[in-house]
Structures are given as C-alpha cells and as structure tokens.
Amino acid sequence: MLAGVTAALAPLTASADEATGWYVGAGAGQSKAIQYCEAPAGGAVQSCDNTSFAWKLLLGYQANRYLGVEAGYDYFGKFSASFTTGGVAETSQTKTWAGFLEAVGSIPIGSRFSLFGKAGGVYWRTKFTSQQGSAPAFDTSQHDIDFVVGAGAQLFVTKNLAIRAEYEYLPKYGNALTGEVDLQFISASVLWKF
C-alpha cells in the first residue's frame, strides 16, 4: 500500500520540482498611451496615433509553483499627435522604454497551465519633442521610477517551452514636461525554462 501511495505522489513531486528554476523570454504586442490624444484646453485634435508596436525581453526565476520574480526591458514604441490651439499648429512625438523588476504570483490550473498577477517597479525613460508654430522645437529626455501591475495566463507547451499572454498597466507614466499618460501594454511572449 505504501508503495502505491508513493507511486501516486511521484508525478506531483516531479511537477513541483519542474516548476522551479530560471527562464528567459521575449514578447511583442501593442502599447497604448490612453490620454495622449486629449487636446489642450481650447485646442482641437488634427491627428493622433497613441498606439505603437512594442516588445519586451525578460529574465525570471520561479521559486515554487506560486511565487517568482522577473526583470527585463520594455520598449513601448512611439506616439505622435497634431493639435491646433488658438489657430496655432502644434505637433508632438514621444518615445518610451523602461527597465522593470516585478514579483509574480501564480495560480496553477493543472500541471501546464496557470494564471498570474504581477506588480513591481519600473525605471522609465521618455524622449519628448514638440513644435508649436514657428517657435523653436522643444526637445527633452526625462526619466523616473514608477510602478507597474499586470495579469495574464501561461501555458507550458513542453517541459521547457511556454507561451504567455499578458496585460500590463503603468499609471501616470511621464511627468509635467512630457505629459502624463496611463500606459497599457498587451503582449504575447515565448519563454524558455532552463
């Protein structure tokens, strides 16, 4: 009987062991700067593109089936807009990227599939340029530390290869010089576990 119980628990033990360890990943998707297309007071939007192709690289460590940590790099892409304010034309362009460190909590559903939530910090950089009428162009690079949250689902296709879909949200990305926006990033990634 003891041998039967041991044999029954062996797959569970192997599954728990396989859940731990290092992994790397890469993904791509779409970013969106939610308030980017809002015209200034008394202005009107002429054209605006507040979505962009975005990509990411990550390195992670899974301590057990439920807890892990990830670090990496997000390139959120480029946003642009044209406005008129008081009859004067204005154009702006923003490029954004960030390094991140996040804690990841997982809810396993079976041996291969899991749901997860994540939260952590980002060190972001933004390059912002604008031109208003014939005035000299304004050009600035800004950086700061902020926070990020996210959620998603992950499926191990093989013992080492996984695919992931996730949503990340960075509130109040930017500052008074670049303009603050709520930034979201929807992506699909491929992960390889060592």
# chains A, B, ... in the order shown; residues from 1 in each chain; ligands from 1
$ residues_around --residues "Trp55 in chain A" --least-positions-apart "5" --cutoff "10 Å" --atoms "only C-alpha atoms" --output "MDAnalysis selection string"
chainID A and resid 26:31 73:77 97 185:189
$ residues_around --residues "Gln62 in chain A" --least-positions-apart "2" --cutoff "10 Å" --atoms "only C-alpha atoms" --output "PyMOL selection string"
chain A and resi 18-23+60+64-70+104-106+193
$ write_last_selection --atoms "all heavy atoms" --output "CSV table (one decimal), in the first residue's frame"
chain,number,residue,atom,x,y,z
A,18,GLU,N,9.7,20.6,-11.3
A,18,GLU,CA,9.9,21.2,-12.7
A,18,GLU,C,9.4,22.6,-12.7
A,18,GLU,O,9.7,23.4,-13.6
A,18,GLU,CB,9.1,20.3,-13.7
A,18,GLU,CG,9.7,19.0,-13.9
A,18,GLU,CD,8.8,18.1,-14.7
A,18,GLU,OE1,7.7,18.5,-15.1
A,18,GLU,OE2,9.1,16.9,-14.9
A,19,ALA,N,8.6,23.0,-11.7
A,19,ALA,CA,8.0,24.4,-11.7
A,19,ALA,C,9.1,25.4,-11.3
A,19,ALA,O,8.9,26.6,-11.6
A,19,ALA,CB,6.8,24.4,-10.8
A,20,THR,N,10.2,25.0,-10.7
A,20,THR,CA,11.2,25.9,-10.2
A,20,THR,C,12.3,26.1,-11.2
A,20,THR,O,12.5,25.3,-12.1
A,20,THR,CB,11.7,25.5,-8.8
A,20,THR,OG1,12.4,24.2,-9.1
A,20,THR,CG2,10.6,25.2,-7.8
A,21,GLY,N,13.0,27.2,-11.1
A,21,GLY,CA,14.2,27.5,-11.9
A,21,GLY,C,14.2,28.8,-12.7
A,21,GLY,O,13.2,29.5,-12.6
A,22,TRP,N,15.2,29.0,-13.5
A,22,TRP,CA,15.4,30.2,-14.3
A,22,TRP,C,14.7,30.0,-15.6
A,22,TRP,O,14.6,28.9,-16.2
A,22,TRP,CB,16.9,30.4,-14.5
A,22,TRP,CG,17.6,30.8,-13.2
A,22,TRP,CD1,18.3,30.0,-12.3
A,22,TRP,CD2,17.7,32.1,-12.7
A,22,TRP,NE1,18.8,30.7,-11.3
A,22,TRP,CE2,18.5,32.0,-11.5
A,22,TRP,CE3,17.2,33.4,-13.0
A,22,TRP,CZ2,18.8,33.1,-10.7
A,22,TRP,CZ3,17.5,34.5,-12.3
A,22,TRP,CH2,18.3,34.4,-11.1
A,23,TYR,N,14.3,31.1,-16.2
A,23,TYR,CA,13.8,31.1,-17.5
A,23,TYR,C,14.1,32.5,-18.2
A,23,TYR,O,14.3,33.5,-17.5
A,23,TYR,CB,12.3,30.8,-17.6
A,23,TYR,CG,11.4,31.7,-16.7
A,23,TYR,CD1,10.9,32.9,-17.3
A,23,TYR,CD2,11.2,31.5,-15.4
A,23,TYR,CE1,10.1,33.7,-16.6
A,23,TYR,CE2,10.4,32.3,-14.6
A,23,TYR,CZ,9.8,33.4,-15.2
A,23,TYR,OH,9.0,34.3,-14.5
A,60,GLY,N,13.6,35.5,-15.6
A,60,GLY,CA,12.8,35.3,-14.5
A,60,GLY,C,13.3,34.1,-13.7
A,60,GLY,O,14.1,33.3,-14.2
A,64,ASN,N,8.9,28.6,-6.6
A,64,ASN,CA,8.0,27.4,-6.5
A,64,ASN,C,6.8,27.6,-7.5
A,64,ASN,O,6.8,28.5,-8.3
A,64,ASN,CB,7.5,27.2,-5.0
A,64,ASN,CG,6.9,28.5,-4.5
A,64,ASN,OD1,6.0,29.1,-5.1
A,64,ASN,ND2,7.3,28.9,-3.3
A,65,ARG,N,5.8,26.8,-7.4
A,65,ARG,CA,4.7,26.9,-8.3
A,65,ARG,C,3.9,28.2,-8.2
A,65,ARG,O,3.1,28.6,-9.1
A,65,ARG,CB,3.7,25.7,-8.1
A,65,ARG,CG,4.3,24.4,-8.5
A,65,ARG,CD,3.3,23.3,-8.5
A,65,ARG,NE,2.5,23.4,-9.7
A,65,ARG,CZ,1.3,22.8,-10.0
A,65,ARG,NH1,0.8,22.0,-9.0
A,65,ARG,NH2,0.6,23.0,-11.1
A,66,TYR,N,4.1,28.9,-7.1
A,66,TYR,CA,3.2,30.0,-6.7
A,66,TYR,C,3.9,31.4,-6.8
A,66,TYR,O,3.2,32.4,-7.0
A,66,TYR,CB,2.6,29.8,-5.4
A,66,TYR,CG,1.9,28.5,-5.2
A,66,TYR,CD1,2.5,27.4,-4.6
A,66,TYR,CD2,0.6,28.3,-5.8
A,66,TYR,CE1,1.8,26.2,-4.5
A,66,TYR,CE2,-0.1,27.1,-5.7
A,66,TYR,CZ,0.6,26.0,-5.1
A,66,TYR,OH,-0.1,24.8,-5.0
A,67,LEU,N,5.2,31.4,-6.6
A,67,LEU,CA,5.9,32.7,-6.5
A,67,LEU,C,7.2,32.7,-7.3
A,67,LEU,O,7.9,31.8,-7.4
A,67,LEU,CB,6.3,33.0,-5.0
A,67,LEU,CG,5.2,33.2,-4.0
A,67,LEU,CD1,5.7,33.2,-2.6
A,67,LEU,CD2,4.4,34.4,-4.3
A,68,GLY,N,7.4,33.9,-8.0
A,68,GLY,CA,8.6,34.1,-8.8
A,68,GLY,C,8.9,35.6,-8.9
A,68,GLY,O,8.2,36.4,-8.3
A,69,VAL,N,10.0,35.9,-9.6
A,69,VAL,CA,10.4,37.3,-9.8
A,69,VAL,C,10.9,37.4,-11.2
A,69,VAL,O,11.4,36.5,-11.8
A,69,VAL,CB,11.5,37.7,-8.8
A,69,VAL,CG1,12.7,36.8,-9.0
A,69,VAL,CG2,11.8,39.1,-8.8
A,70,GLU,N,10.7,38.6,-11.8
A,70,GLU,CA,11.1,38.8,-13.2
A,70,GLU,C,11.7,40.2,-13.3
A,70,GLU,O,11.3,41.1,-12.6
A,70,GLU,CB,9.9,38.8,-14.2
A,70,GLU,CG,9.3,37.4,-14.4
A,70,GLU,CD,8.2,37.3,-15.3
A,70,GLU,OE1,7.8,38.4,-15.9
A,70,GLU,OE2,7.7,36.2,-15.6
A,104,VAL,N,6.0,38.0,-9.1
A,104,VAL,CA,4.9,37.3,-9.9
A,104,VAL,C,4.3,36.2,-9.0
A,104,VAL,O,5.0,35.4,-8.4
A,104,VAL,CB,5.5,36.7,-11.1
A,104,VAL,CG1,4.4,36.0,-12.0
A,104,VAL,CG2,6.3,37.7,-12.0
A,105,GLY,N,3.0,36.3,-8.8
A,105,GLY,CA,2.2,35.3,-8.1
A,105,GLY,C,1.4,34.5,-9.1
A,105,GLY,O,0.7,35.0,-9.9
A,106,SER,N,1.5,33.1,-9.0
A,106,SER,CA,0.8,32.3,-10.0
A,106,SER,C,-0.3,31.4,-9.3
A,106,SER,O,-0.1,31.0,-8.1
A,106,SER,CB,1.8,31.3,-10.7
A,106,SER,OG,2.8,32.1,-11.4
A,193,LYS,N,12.5,27.7,-20.3
A,193,LYS,CA,12.9,27.4,-18.9
A,193,LYS,C,14.2,26.5,-18.9
A,193,LYS,O,14.2,25.5,-19.7
A,193,LYS,CB,11.8,26.7,-18.2
A,193,LYS,CG,12.2,26.3,-16.7
A,193,LYS,CD,11.0,25.5,-16.1
A,193,LYS,CE,11.4,24.9,-14.8
A,193,LYS,NZ,12.5,23.9,-14.9
$ closest_residue --among "A:Ala81, A:Ala103, A:Ala89, A:Ala63" --to "Gly117 in chain A" --atoms "only C-alpha atoms"
A:Ala103
$ residues_around --residues "Val149 in chain A" --least-positions-apart "3" --cutoff "10 Å" --atoms "only C-alpha atoms" --output "list in words"
Glu102, Ala103, Val104, Gly117, Lys118, Ala119, Gly120, Gly121, Tyr167, Glu168, Tyr169, Leu170, Pro171 and Gln184 of chain A
$ write_last_selection --atoms "N, CA and C atoms" --output "short mmCIF file (atom, residue, chain, number, x, y, z; two decimals), in the first residue's frame"
data_model
loop_
_atom_site.label_atom_id
_atom_site.label_comp_id
_atom_site.auth_asym_id
_atom_site.auth_seq_id
_atom_site.Cartn_x
_atom_site.Cartn_y
_atom_site.Cartn_z
N GLU A 102 9.75 42.85 -11.07
CA GLU A 102 8.39 42.54 -10.63
C GLU A 102 8.35 41.23 -9.85
N ALA A 103 7.48 41.17 -8.85
CA ALA A 103 7.13 39.93 -8.19
C ALA A 103 5.94 39.33 -8.93
N VAL A 104 5.96 38.00 -9.10
CA VAL A 104 4.91 37.31 -9.87
C VAL A 104 4.27 36.24 -8.99
N GLY A 117 -0.57 37.07 -11.60
CA GLY A 117 -0.61 38.52 -11.40
C GLY A 117 0.79 38.99 -11.05
N LYS A 118 1.08 40.24 -11.35
CA LYS A 118 2.43 40.75 -11.11
C LYS A 118 2.38 42.21 -10.69
N ALA A 119 3.36 42.62 -9.92
CA ALA A 119 3.47 44.02 -9.51
C ALA A 119 4.92 44.31 -9.20
N GLY A 120 5.33 45.55 -9.47
CA GLY A 120 6.71 45.90 -9.20
C GLY A 120 7.01 47.33 -9.60
N GLY A 121 8.28 47.58 -9.85
CA GLY A 121 8.72 48.92 -10.19
C GLY A 121 9.32 48.98 -11.57
N TYR A 167 -1.34 41.41 -19.80
CA TYR A 167 -1.73 42.81 -19.84
C TYR A 167 -0.97 43.53 -18.73
N GLU A 168 -0.31 44.64 -19.07
CA GLU A 168 0.42 45.43 -18.07
C GLU A 168 -0.08 46.87 -18.09
N TYR A 169 -0.09 47.48 -16.92
CA TYR A 169 -0.64 48.83 -16.76
C TYR A 169 0.33 49.67 -15.95
N LEU A 170 0.71 50.82 -16.51
CA LEU A 170 1.60 51.76 -15.85
C LEU A 170 0.87 53.09 -15.70
N PRO A 171 0.35 53.40 -14.53
CA PRO A 171 -0.40 54.66 -14.35
C PRO A 171 0.54 55.86 -14.26
N GLN A 184 -0.71 51.28 -21.25
CA GLN A 184 -1.02 49.86 -21.17
C GLN A 184 -0.26 49.11 -22.26
#
$ closest_residue --among "A:Phe83, A:Phe156, A:Phe147, A:Phe113" --to "Ala41 in chain A" --atoms "only C-alpha atoms"
A:Phe83
$ select_by_dssp --residues "range 6-149 of chain A" --states "strand (DSSP E or B)" --output "PyMOL selection string"
chain A and resi 21-33+43-49+51-62+67-85+88-109+113-132+138-149
$ closest_residue --among "A:Ile145, A:Asp139, A:Gly86, A:Gln46" --to "Phe100 in chain A" --atoms "only C-alpha atoms"
A:Ile145
$ closest_residue --among "A:Ser82, A:Ser141, A:Ser130, A:Asn160" --to "Val45 in chain A" --atoms "only C-alpha atoms"
A:Ser82
$ closest_residue --among "A:Glu180, A:Glu38, A:Glu166, A:Asp49" --to "Ala151 in chain A" --atoms "only C-alpha atoms"
A:Glu166
$ residues_around --residues "Ala162 in chain A" --least-positions-apart "4" --cutoff "8 Å" --atoms "only C-alpha atoms" --output "ChimeraX atom specification"
/A:154-158,190-193
$ residues_around --residues "Arg125 in chain A" --least-positions-apart "4" --cutoff "6 Å" --atoms "only C-alpha atoms" --output "list in words"
Thr96, Trp97, Gln142 and His143 of chain A
$ residues_around --residues "Thr84 in chain A" --least-positions-apart "5" --cutoff "6 Å" --atoms "only C-alpha atoms" --output "VMD selection string"
chain A and resid 43 to 44 89 to 90
$ write_last_selection --atoms "N, CA, C and O atoms" --output "PDB file, in the first residue's frame"
ATOM      1  N   GLY A  43      -8.041  73.710 -27.469  1.00  0.00           N
ATOM      2  CA  GLY A  43      -7.424  73.185 -28.681  1.00  0.00           C
ATOM      3  C   GLY A  43      -8.283  72.128 -29.350  1.00  0.00           C
ATOM      4  O   GLY A  43      -9.335  71.741 -28.846  1.00  0.00           O
ATOM      5  N   ALA A  44      -7.837  71.690 -30.514  1.00  0.00           N
ATOM      6  CA  ALA A  44      -8.535  70.663 -31.281  1.00  0.00           C
ATOM      7  C   ALA A  44      -7.521  69.680 -31.834  1.00  0.00           C
ATOM      8  O   ALA A  44      -6.428  70.072 -32.257  1.00  0.00           O
ATOM      9  N   ALA A  89      -0.667  75.719 -35.001  1.00  0.00           N
ATOM     10  CA  ALA A  89      -0.466  74.277 -35.110  1.00  0.00           C
ATOM     11  C   ALA A  89       0.640  73.818 -34.166  1.00  0.00           C
ATOM     12  O   ALA A  89       1.648  74.508 -33.973  1.00  0.00           O
ATOM     13  N   GLU A  90       0.450  72.634 -33.560  1.00  0.00           N
ATOM     14  CA  GLU A  90       1.448  72.063 -32.660  1.00  0.00           C
ATOM     15  C   GLU A  90       1.541  70.566 -32.932  1.00  0.00           C
ATOM     16  O   GLU A  90       0.534  69.890 -33.098  1.00  0.00           O
TER      17      GLU A  90
END
$ closest_residue --among "A:Leu183, A:Leu177, A:Gly133, A:Tyr36" --to "Gly87 in chain A" --atoms "only C-alpha atoms"
A:Gly133
$ select_by_dssp --residues "chain A" --states "alpha helix (DSSP H)" --output "PyMOL selection string"
chain A and resi 2-18
